[in-house]
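Reviewing the structure listed below.
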Amino acid sequence: MSDDILVKMRDVWLEGRSDETWNPIINGVDLTLKKGEVLGLIGESGAGKSTLGLAAMGYTRDGVKISKGTVEFDGIDLLTASAAVKRELLGKRIAYVAQSAAASFNPAHKLMDQHVEGPVQHGVMGKGESEEDGMELYRKLRLPNPDQIGFRYPHQVSGGQLQRCMTAMAMSCRPDLIIFDEPTTALDVTTQIEVLASIRDIVEQFNTAAIYITHDLAVVAQMADTIKVLLKGDEVETADTRTMLSAPTQEYTKSLWAVRSFERPLKPAVNAGSVPVVSVQNVDAAYGTVPVLHDVSFDLHEGRTVAVVGESGSGKSTTARCITGLLPPTAGQIMVDGEVMPPDYRKRSKDQLRQVQMIYQMADTALNPRMSIGQIIARPVEFYLGLKGAEKRKKVDALLEQIELEPSQYYHRLPSELSGGQKQRIGIARALAAEPKFIICDEVTSALDQLVAEGILRLLARLQDELSLTYMFITHDLATVRAIADEVVVMKDGRVVEQGPKVEMFTPPHHAYTDLLLSSVPEMDPDWLTNLLTERGVDNIGDAAVDKM
Amino acid sequence: MIWFVAALIGMGAVAWVFRFAGQAATGNAPKFRDMPYGVAYGYVLGVVVLAWLAWAYMQGRSEDTAIANKFFFLRIAIEGFIIFAIAAWVFRLFGRSVGTAGTKKLFRSMPLTASFGILTILIYAIFAIFAGAIAPYGQEQIIPGVAANVIPGGDPTLGGNPDFPLGTDQIGRDILSRLIYGAQNTVGIAFATTVLAFLLGGTLGFLAATLGGWLDQLLSRAVDVLMAIPSLIFALLLMTIASVWAPQLGIPLTFFMVVIIAVIDSTRVYRLARAVGQNIVVMDYIEAAKLRGEGLGYLVFKEILPNATAPLLAEFGLRFCFVFLTIAALSFLGVGIQPPLADWGTMVRDLGGFVNFAQFAPMAATAPLLAAGAIALLTVAVNFVVDWMLQKSSGLKE
Amino acid sequence: MGNVLTIILQRLALGLLTLLIVSIVIFIAVNLLPGDFAQSILGQGATPEAVASIREDLGLDQPMVTRYFQWLGGVLQGDLGTSFAQANFASFSGTTSGATTIAEQIAPRFGNTMFLAMITAAIAVPFSIILGILAALYRNTVFDRATNIFTLSSISSPEFFLAYILILFLAVLNPIFPSLSNIFEGMPFSERLEKSMLPALTLTLVVTAHMMRMTRAAIINLLASPYIEMARLKGLSPMRVIVKHALPNALAPIINVIALNLAYLITGVVVVEVVFVYPGIGQLFVDSVKIRDIPVVQACCLIFATAFILLNLTADIMSILSNPRLRHPK
């Protein structure tokens with residue numbers, strides 16, 4: 001055994017308990033990590049990547065067990081080590097950074113008290129020394145007010161900053177290994193980038209080995225030296241980052257890479273005089289007395305997709321609520337086919353309601369769990385089109401075929417028996433059943449894995465071509481925009497900051513915010529982050545850049 | 001007392017030895033190596049308690065009646081526990097092999113406590129429905145020529161009478177028959193009250209959740225005020241007033257009791273129904289239905305209600321227990337179900353004094369304990385089933 | 001801090017308002033009685049003079065709103081009125097010297113009930129919290145399942161069943177404690193404690209079960225939170241994880257559990273006092289209900305409701321105070 005191997009996992013099998021039976025999570029995976037190396041662990045949800053990452057620390061959550069295999073850390077067998085030996089390693093030599101920093105910091109103690117706990121308890125440093133060191137780390141991680149921020153409580157600090165505080169806490173004992181468990185998944189793109197940059201810097205600086213768990217390929221490309229791809233508990237392949245990106249050998253990996261290349265052909269420009277299907281005109285809206293939308297206007301033309309992009313809180317979903325009538329605007333109006341719609345959905349006629357349909361982000365909550373697929377789709381068919389009996393069934397079957405699900409197989413199933421992608425397809429079928437002109441797609445792919453999401457996007461594109469539907473596509477993911485949009489509306493703080501055809505939007509010059517948003521989206525190029533940082537300058541990324549606007 | 005403390009300390013020493021021996025014997029296996037001292041102590045304590053129970057049981061079977069009497073109730077309790085456990089086990093076995101695929105699956109994952117609960121509820125239901133056919137005498141029947149206060153057990157040498165296995169009460173009515181009729185009266189009335197409370201609280205709760213606005217505000221504030229008065233106290237206050245009204249209007253007091261407890265209890269149902277309803281109302285599928293233009297009836301009956309059945313069913317079980325115990329308490333205090341109807345709470349009050357004879361004539365004390373035990377057994381059974389249901393539904397969420 | 005103070009003042013005001021409305025509800029409920037309650041108490045055979053005398057004594061000849069404010073004013077000054085039984089006695093004997101006010105009647109009994117509640121709390125609170133934490137730490141073990149069955153059974157049993165079981169085992173079969181709690185004023189503390197032991201133990205059984213289950217649920221909920229996992233992954237000792245990370249956050253739910261269960265005691269005390277003939281306010285209440293002594297029922301009801309509301313209010317305020325998000329606003 002060579003000396004520079006830090007973690008050695010051999011033939012590890014993990015099982016999880018559900019309903020009194022043990023089901024496999026990881027099936028005999030090997031993992032080797034050298035000192036100072038960063039390993040990216042990627043896979044879709046349910047691939048078992050987090051469980052495997054935790055197992056590398058010799059830790060399993062409640063209801064999970066290691067049924068077979070060995071886990072060695074620096075020559076110490078973690079599976080047979082006593083609790084005391086493991087406690088000595090954890091925190092001191094192996095540290096963990098969790099997905100949600102907000103939930104993983106104890107709300108009852110100040111950040112600094114939690115930061116120094118590890119070093120003091122493990123006898124690495126005294127309290128005072130550790131606090132000094134903490135402030136130094138905060139400075140290195142480019143946190144604002146590094147001398148004071150530690151004396152706040154977790155709820156007083158923003159998400160991106162908390163995530164960096166947690167990285168500092170993991171660094172407090174200068175561990176040999178840090179496990180990063182999806183540390184940027186919950187963050188907006190512009191915030192994500194600064195966390196990524198600071199994590200990468202500090203890991204390099206202290207030559208710490210790391211296992212970086214994520215589902216985002218572009219992120220892992222920036223962070224890792226080596227990438228390991230998991231699929232349903234099995235290893236697909238392992239290679240160093242550049243080889244993996246340029247020449248994947250396995251089919252599954254290739255398909256993952258290919259998702260990013262889906263892009264629809266461009267459509268000709270809209271005729272100048274044509275009446276838009278939906279027109280949002282000077283809309284203001286407020287929740288109670290808090291104004292959220294200011295003078296929002298844009299048009300949607302037949303057979304086109306307009307992507308509305310922006311970060312959380314920018315007002316994109318509120319715009320959708322104004323169009324559907326759930327939130328009557330305080331000023332301005334919504335027109336469909338040149339006709340002014342009553343602001344409140346309760347005042348709209350059945351036919352007006354039929355014209356505007358909606359597909360939701362969470363397919364789980366969008367389908368009534370007590371109704372069968374057949375009933376869910378049949379209801380709008382019956383309600384709007386007045387079909388009954390055999391005719392109704394025929395229509396439902398046709399709709400199921402349209403969304404590529406075999407009618408006889410799915411008609412009687414309940415939503416809980418379907419996968420996430422299939423549920424989203426049912427949501428599409430329910431919208432189509434009304435035979436609408438216009439469909440609002442609210443983050444329809446953001447809860448799905450990339451391959452499944454791509455399938456949904458292709459389906460929506462095909463349906464648009466066949467039925468000349470008009471889509472309003474709400475999303476925060478620019479890859480999705482690139483794939484499906486014809487026109488783009490960029491929103492920030494309840495205002496439209498820029499709008500136009502996609503081609504124009506993706507070629508400079510842009511509005512400063514659009515530029516920041518676009519450039520913050522990680523790309524598959526492993527040098528992307530480095531180049532970007534050089535371009536923007538160290539002090540001008542993320543929040544700092546947003547604040548300067 | 002000194003002996004008790006000494007025993008605890010002694011067990012502490014044994015626990016240490018036990019862990020040490022375990023480590024030595026298994027070659028320091030992780031199970032013993034990482035065992036906290038408290039856990040080792042727990043094992044020893046468990047063994048000691050079991051040993052004491054076994055000893056007490058043997059005492060209860062002693063030839064010497066003085067000793068046997070002293071441990072009589074413990075013996076009965078242990079025997080009862082074992083019999084119930086076996087019955088529950090057999091019932092679960094039966095459920096696993098008979099019935100549809102769905103029920104079989106249900107029984108396979110069922111803990112013993114839940115199958116005990118279901119079995120008990122079934123037995124109570126049978127007694128309650130067929131009380132008239134099962135009971136040997138009428139509930140109000142004072143049997144001529146039979147003494148009052150016949151001792152239970154049916155042994156003439158101890159003051160019993162084989163015709164009345166559980167003896168007779170203070171005015172010579174058969175206690176067994178009254179116990180059986182009690183199932184009909186007490187359980188029946190409690191069930192009706194719970195149904196009423198659910199109709200009232202459930203309807204208002206769902207309306208408040210669906211419609212919101214001023215109706216929701218009004219109802220919720222009213223419920224807040226009603227819930228600020230402890231329910232048994234409020235029930236007693238209203239029962240006092242009802243007891244003045246009842247003879248004047250010629251309506252039985254029991255009817256007032258049902259209405260009063262139903263109204264008081266419906267406040268709790270309202271809270272739950274409203275909370276469950278609000279959780280469902282924010283779901284996207286409700287928004288989709290609203291945007292489709294569906295009416296209130298469709299929303300409540302097709303979209304909301306089917307998704308609320310599981311929590312409501314569990315709540316029904318808990319509410320039933322609560323109502324049942326409230327009625328029993330009122331009857332025990334003498335203001336609940338009125339004589340001559342046979343009722344368990346009243347029986348406990350009437351026969352309670354016999355507990356004091358337990359030392360010399362253990363059988364004499366069984367009658368009030370049986371009536372009180374009948375109440376306890378049913379609520380325990382319902383609670384076991386509800387506990388299982390709640391665990392099942394919370395487990396599914398994970 | 002100003003933020004928290006406002007919230008607490010709001011809660012206090014709300015509590016007072018609730019109390020006021022509850023007093024109105026109780027007053028109205030009592031006045032729903034048919035006809036004249038002087039008549040209905042004395043029965044049909046009463047002489048018109050006796051009825052008139054009681055009416056005047058109790059001020060029944062005045063309109064309802066006036067009577068409410070008179071009653072409320074009296075209550076605020078500690079005057080709960082005169083009981084019918086006493087008024088009746090006075091009117092027949094023709095003197096007022098023998099009559100005592102309700103306040104005088106209730107005061108010693110209130111003290112007794114508080115004594116009982118205090119002993120119960122002293123036993124039940126530490127016992128149930130320790131048991132609850134143990135059950136949470138060793139969940140899904142034999143110990144946890146056994147305590148689960150035990151607590152479920154004792155919650156489900158009516159108080160009088162538990163009371164008789166305790167009498168059977170601890171008073172009749174093994175004469176350790178007396179089965180009747182005939183305590184009186186001036187009794188030495190140790191004797192008083194001994195005589196109150198069985199009712200206190202009965203209440204303890206009921207309350208402990210509730211408290212233990214709620215504590216267990218709160219702790220399990222807490223132990224599942226990511227920051228506890230984080231603390232474990234920092235290599236802290238199990239003791240430190242519990243004391244430093246779990247307890248500060250568990251305080252709010254546990255205080256809540258205690259206050260709610262003390263409130264629950266109020267209901268339980270009624271039945272238990274009757275079984276053990278304990279001279280507390282619960283027994284007086286039940287006796288008055290039976291003889292339809294409306295002013296006493298009304299007064300007892302108000303006292304019970306006040307205690308209940310105050311305890312719930314305490315729970316509310318305590319959980320606000322222990323919430324770091326509110327104590328340290330942004």
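Letters A, B, ... mark the chains of the structure tokens in the order given; residue numbers begin at 1 per chain; ligand numbers begin at 1, in order shown.
All of the residues in chain A within 8 Å of chain C are A:Lys86, A:Arg87, A:Glu88, A:Leu89, A:Leu90, A:Gly91, A:Lys92, A:Ala95, A:Tyr96, A:Ala98, A:Ala103, A:Ser104, A:Phe105, A:Asn106, A:Pro107, A:Ala108, A:Gly118, A:Gln121, A:Tyr153, A:His155, A:Gln156, where only C-alpha atoms were counted.
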Set the cut-off to 9 Å and count only C-alpha atoms: what are the residues of chain B that reach chain A? Output as a PyMOL selection string. chain B and resi 30+33-34+109+283-288+290-294+302-304+306-307+395-396
Please produce an output containing N, CA and C atoms for each residue in the selection, written as a PDB file, in the first residue's frame.
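To be explicit, this is the file written out as out19.pdb:
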```pdb
ATOM      1  N   PRO B  30     -17.825  -5.536  19.563  1.00  0.00           N
ATOM      2  CA  PRO B  30     -18.323  -4.156  19.606  1.00  0.00           C
ATOM      3  C   PRO B  30     -19.566  -3.998  20.480  1.00  0.00           C
ATOM      4  N   ARG B  33     -18.185  -3.791  23.937  1.00  0.00           N
ATOM      5  CA  ARG B  33     -17.151  -2.782  24.076  1.00  0.00           C
ATOM      6  C   ARG B  33     -17.758  -1.378  24.132  1.00  0.00           C
ATOM      7  N   ASP B  34     -18.735  -1.118  23.225  1.00  0.00           N
ATOM      8  CA  ASP B  34     -19.315   0.221  23.152  1.00  0.00           C
ATOM      9  C   ASP B  34     -20.579   0.362  23.982  1.00  0.00           C
ATOM     10  N   SER B 109     -47.570  -6.624   8.514  1.00  0.00           N
ATOM     11  CA  SER B 109     -46.695  -5.602   9.101  1.00  0.00           C
ATOM     12  C   SER B 109     -47.254  -5.087  10.427  1.00  0.00           C
ATOM     13  N   MET B 283     -52.208  22.858  -1.777  1.00  0.00           N
ATOM     14  CA  MET B 283     -51.614  21.977  -2.779  1.00  0.00           C
ATOM     15  C   MET B 283     -51.915  22.488  -4.189  1.00  0.00           C
ATOM     16  N   ASP B 284     -50.993  22.185  -5.097  1.00  0.00           N
ATOM     17  CA  ASP B 284     -51.179  22.660  -6.464  1.00  0.00           C
ATOM     18  C   ASP B 284     -52.394  22.045  -7.147  1.00  0.00           C
ATOM     19  N   TYR B 285     -52.731  20.795  -6.748  1.00  0.00           N
ATOM     20  CA  TYR B 285     -53.880  20.199  -7.450  1.00  0.00           C
ATOM     21  C   TYR B 285     -55.193  20.889  -7.095  1.00  0.00           C
ATOM     22  N   ILE B 286     -55.234  21.519  -5.900  1.00  0.00           N
ATOM     23  CA  ILE B 286     -56.415  22.302  -5.549  1.00  0.00           C
ATOM     24  C   ILE B 286     -56.433  23.577  -6.387  1.00  0.00           C
ATOM     25  N   GLU B 287     -55.253  24.191  -6.537  1.00  0.00           N
ATOM     26  CA  GLU B 287     -55.168  25.395  -7.363  1.00  0.00           C
ATOM     27  C   GLU B 287     -55.588  25.069  -8.788  1.00  0.00           C
ATOM     28  N   ALA B 288     -55.121  23.916  -9.277  1.00  0.00           N
ATOM     29  CA  ALA B 288     -55.484  23.512 -10.637  1.00  0.00           C
ATOM     30  C   ALA B 288     -56.996  23.365 -10.757  1.00  0.00           C
ATOM     31  N   LYS B 290     -59.287  24.816  -8.881  1.00  0.00           N
ATOM     32  CA  LYS B 290     -59.912  26.142  -8.783  1.00  0.00           C
ATOM     33  C   LYS B 290     -59.823  26.859 -10.131  1.00  0.00           C
ATOM     34  N   LEU B 291     -58.640  26.803 -10.738  1.00  0.00           N
ATOM     35  CA  LEU B 291     -58.436  27.504 -12.008  1.00  0.00           C
ATOM     36  C   LEU B 291     -59.268  26.869 -13.114  1.00  0.00           C
ATOM     37  N   ARG B 292     -59.626  25.597 -12.941  1.00  0.00           N
ATOM     38  CA  ARG B 292     -60.472  24.945 -13.931  1.00  0.00           C
ATOM     39  C   ARG B 292     -61.882  25.513 -13.832  1.00  0.00           C
ATOM     40  N   GLY B 293     -62.198  26.085 -12.641  1.00  0.00           N
ATOM     41  CA  GLY B 293     -63.522  26.664 -12.460  1.00  0.00           C
ATOM     42  C   GLY B 293     -64.455  25.758 -11.691  1.00  0.00           C
ATOM     43  N   GLU B 294     -63.896  24.781 -10.931  1.00  0.00           N
ATOM     44  CA  GLU B 294     -64.725  23.848 -10.181  1.00  0.00           C
ATOM     45  C   GLU B 294     -65.451  24.558  -9.035  1.00  0.00           C
ATOM     46  N   LYS B 302     -64.501  15.947  -3.633  1.00  0.00           N
ATOM     47  CA  LYS B 302     -63.640  15.132  -4.502  1.00  0.00           C
ATOM     48  C   LYS B 302     -62.162  15.383  -4.262  1.00  0.00           C
ATOM     49  N   GLU B 303     -61.809  16.617  -3.954  1.00  0.00           N
ATOM     50  CA  GLU B 303     -60.386  16.920  -3.868  1.00  0.00           C
ATOM     51  C   GLU B 303     -59.871  16.918  -2.427  1.00  0.00           C
ATOM     52  N   ILE B 304     -60.626  17.508  -1.496  1.00  0.00           N
ATOM     53  CA  ILE B 304     -60.096  17.661  -0.134  1.00  0.00           C
ATOM     54  C   ILE B 304     -60.386  16.432   0.723  1.00  0.00           C
ATOM     55  N   PRO B 306     -61.167  13.193   0.313  1.00  0.00           N
ATOM     56  CA  PRO B 306     -60.461  11.909   0.161  1.00  0.00           C
ATOM     57  C   PRO B 306     -59.032  11.950   0.693  1.00  0.00           C
ATOM     58  N   ASN B 307     -58.422  13.125   0.700  1.00  0.00           N
ATOM     59  CA  ASN B 307     -57.045  13.221   1.187  1.00  0.00           C
ATOM     60  C   ASN B 307     -56.961  13.445   2.680  1.00  0.00           C
ATOM     61  N   GLY B 395     -44.568   6.974   8.837  1.00  0.00           N
ATOM     62  CA  GLY B 395     -43.478   6.213   8.228  1.00  0.00           C
ATOM     63  C   GLY B 395     -43.474   6.353   6.714  1.00  0.00           C
ATOM     64  N   LEU B 396     -44.674   6.471   6.142  1.00  0.00           N
ATOM     65  CA  LEU B 396     -44.765   6.566   4.683  1.00  0.00           C
ATOM     66  C   LEU B 396     -44.159   7.852   4.153  1.00  0.00           C
TER      67      LEU B 396
END
```
So which bits of stretch 184-324 of chain C end up alpha helix (DSSP H) when you DSSP the backbone, as a ChimeraX atom specification? /C:189-223,226-233,238-240,247-275,281-290,294-321,324
Hey, what's within 8 Å of A:Ala170 if we count only C-alpha atoms and toss same-chain stuff fewer than 3 positions away? As a PyMOL selection string, please? chain A and resi 91+95-97+166-167+173-175+178
Spatial neighbours of stretch 325-339 of chain B, max dist 10 Å, only C-alpha atoms, sep filter under 5 positions, as JSON, numbers by chain: {"B": [140, 185, 186, 187, 189, 190, 193, 231, 232, 235, 236, 239, 240, 243, 252, 253, 254, 255, 256, 257, 258, 261, 319, 320, 344, 345, 346, 347, 348, 349, 350, 372, 375, 376, 379], "C": [156, 157, 158, 159, 160, 268, 270, 271, 274, 275, 283, 286, 287, 289, 290]}
For chain C, which residues have at least one atom within 7 Å of chain B, if we go by only C-alpha atoms? Write them as a CSV table (one decimal) with N, CA and C atoms, in the first residue's frame, please.
```csv
chain,number,residue,atom,x,y,z
C,18,THR,N,-59.2,36.8,26.6
C,18,THR,CA,-59.9,35.5,26.6
C,18,THR,C,-60.5,35.2,28.0
C,22,VAL,N,-64.3,34.4,28.6
C,22,VAL,CA,-64.7,33.2,29.3
C,22,VAL,C,-65.6,33.5,30.5
C,30,VAL,N,-74.8,30.2,33.0
C,30,VAL,CA,-75.5,30.1,34.3
C,30,VAL,C,-76.9,30.7,34.2
C,33,LEU,N,-80.5,29.3,32.9
C,33,LEU,CA,-81.4,28.4,33.7
C,33,LEU,C,-82.8,28.9,33.5
C,34,PRO,N,-83.8,28.0,33.4
C,34,PRO,CA,-85.2,28.3,33.2
C,34,PRO,C,-85.7,29.1,34.4
C,152,LEU,N,-49.2,4.3,27.1
C,152,LEU,CA,-50.4,4.4,26.3
C,152,LEU,C,-51.5,3.8,27.2
C,153,SER,N,-51.3,2.7,27.9
C,153,SER,CA,-52.3,2.2,28.8
C,153,SER,C,-52.7,3.1,29.9
C,156,SER,N,-54.8,5.9,28.6
C,156,SER,CA,-56.2,5.4,28.1
C,156,SER,C,-57.1,5.1,29.3
C,157,SER,N,-56.5,4.8,30.5
C,157,SER,CA,-57.3,4.4,31.6
C,157,SER,C,-58.0,5.6,32.2
C,158,PRO,N,-59.3,5.4,32.6
C,158,PRO,CA,-59.9,6.5,33.4
C,158,PRO,C,-59.2,6.6,34.7
C,161,PHE,N,-60.0,4.3,37.6
C,161,PHE,CA,-59.5,3.0,37.5
C,161,PHE,C,-58.1,2.9,38.1
C,168,LEU,N,-55.9,-0.6,45.8
C,168,LEU,CA,-55.9,-2.0,45.9
C,168,LEU,C,-54.5,-2.4,46.4
C,172,VAL,N,-54.8,-1.4,50.4
C,172,VAL,CA,-55.5,-2.6,50.9
C,172,VAL,C,-54.6,-3.8,51.1
C,173,LEU,N,-54.0,-4.2,50.0
C,173,LEU,CA,-53.1,-5.4,50.1
C,173,LEU,C,-51.8,-5.2,50.8
C,267,THR,N,-58.1,19.2,35.2
C,267,THR,CA,-59.3,18.4,34.9
C,267,THR,C,-59.1,17.1,35.7
C,271,VAL,N,-61.8,14.2,39.4
C,271,VAL,CA,-62.2,12.9,39.7
C,271,VAL,C,-61.4,12.3,40.8
C,289,VAL,N,-72.2,20.8,42.0
C,289,VAL,CA,-72.9,20.4,40.8
C,289,VAL,C,-74.1,19.6,41.2
C,292,ARG,N,-76.7,21.5,42.7
C,292,ARG,CA,-77.0,22.7,41.9
C,292,ARG,C,-76.8,24.0,42.6
C,297,VAL,N,-70.7,26.7,41.7
C,297,VAL,CA,-70.3,26.1,40.4
C,297,VAL,C,-69.6,27.2,39.6
C,301,CYS,N,-65.7,27.2,38.4
C,301,CYS,CA,-65.5,27.1,37.0
C,301,CYS,C,-64.5,28.2,36.6
C,305,ALA,N,-60.9,27.8,35.0
C,305,ALA,CA,-60.6,28.4,33.7
C,305,ALA,C,-59.4,29.3,33.8
C,308,PHE,N,-56.2,27.4,34.0
C,308,PHE,CA,-55.9,26.8,32.7
C,308,PHE,C,-55.4,27.8,31.7
C,309,ILE,N,-56.0,29.0,31.7
C,309,ILE,CA,-55.6,30.0,30.7
C,309,ILE,C,-54.2,30.5,31.1
```
May I have the residues within 8 Å of stretch 203-215 of chain B as a count of residues only, using only C-alpha atoms and disregarding those fewer than 5 positions away in the same chain? 12
Can you work out the spacing between atom CA of A:Ile373 and atom CA of A:Ile403 in Å, to one decimal?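 It comes out at 12.7 Å.
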Mind giving me the straight-line distance from atom CA of C:Leu260 to atom CA of C:Val243 in Å, one decimal?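 Atom CA of C:Leu260 sits 23.9 Å away from atom CA of C:Val243.
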Closest of A:Val203, A:Leu177, A:Met135, A:Ile149 to A:Phe73 - atom-to-atom distances counting only C-alpha atoms: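 Looking at the shortest contact to A:Phe73, the residue is A:Leu177.
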Could you work out how far atom CA of A:Tyr471 lies from atom CA of A:Ala307, giving the answer in Å with one decimal?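 Interatomic distance here is 8.2 Å.
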Between C:Arg192, C:Met318, C:Trp71, C:Ile8, single out the one closest to C:Ser23, counting only C-alpha atoms. C:Trp71
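Those residues that approach A:Leu478 to within 8 Å, counting only C-alpha atoms, are Val309, Thr475, Val481, Arg482, Leu518 and Val521 of chain A; same-chain residues fewer than 3 positions away are not listed.
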Contacts of A:Leu217 at 7 Å or less, counting only C-alpha atoms, minus same-chain residues fewer than 3 places along, as a VMD selection string? chain A and resid 220 to 221 524
Export of prior selection with C-alpha atoms as a short mmCIF file (atom, residue, chain, number, x, y, z; two decimals), in the first residue's frame:
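Ended up saving to again36.cif:
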```cif
data_model
loop_
_atom_site.label_atom_id
_atom_site.label_comp_id
_atom_site.auth_asym_id
_atom_site.auth_seq_id
_atom_site.Cartn_x
_atom_site.Cartn_y
_atom_site.Cartn_z
CA VAL A 220 -18.07 19.11 -10.46
CA ALA A 221 -15.99 19.97 -13.51
CA MET A 524 -18.71 22.04 -18.55
#
```
Smallest atom-to-atom distance to C:Arg145: which of C:Gly282, C:Asp316, C:Thr208, C:Arg213, using only C-alpha atoms? C:Arg213
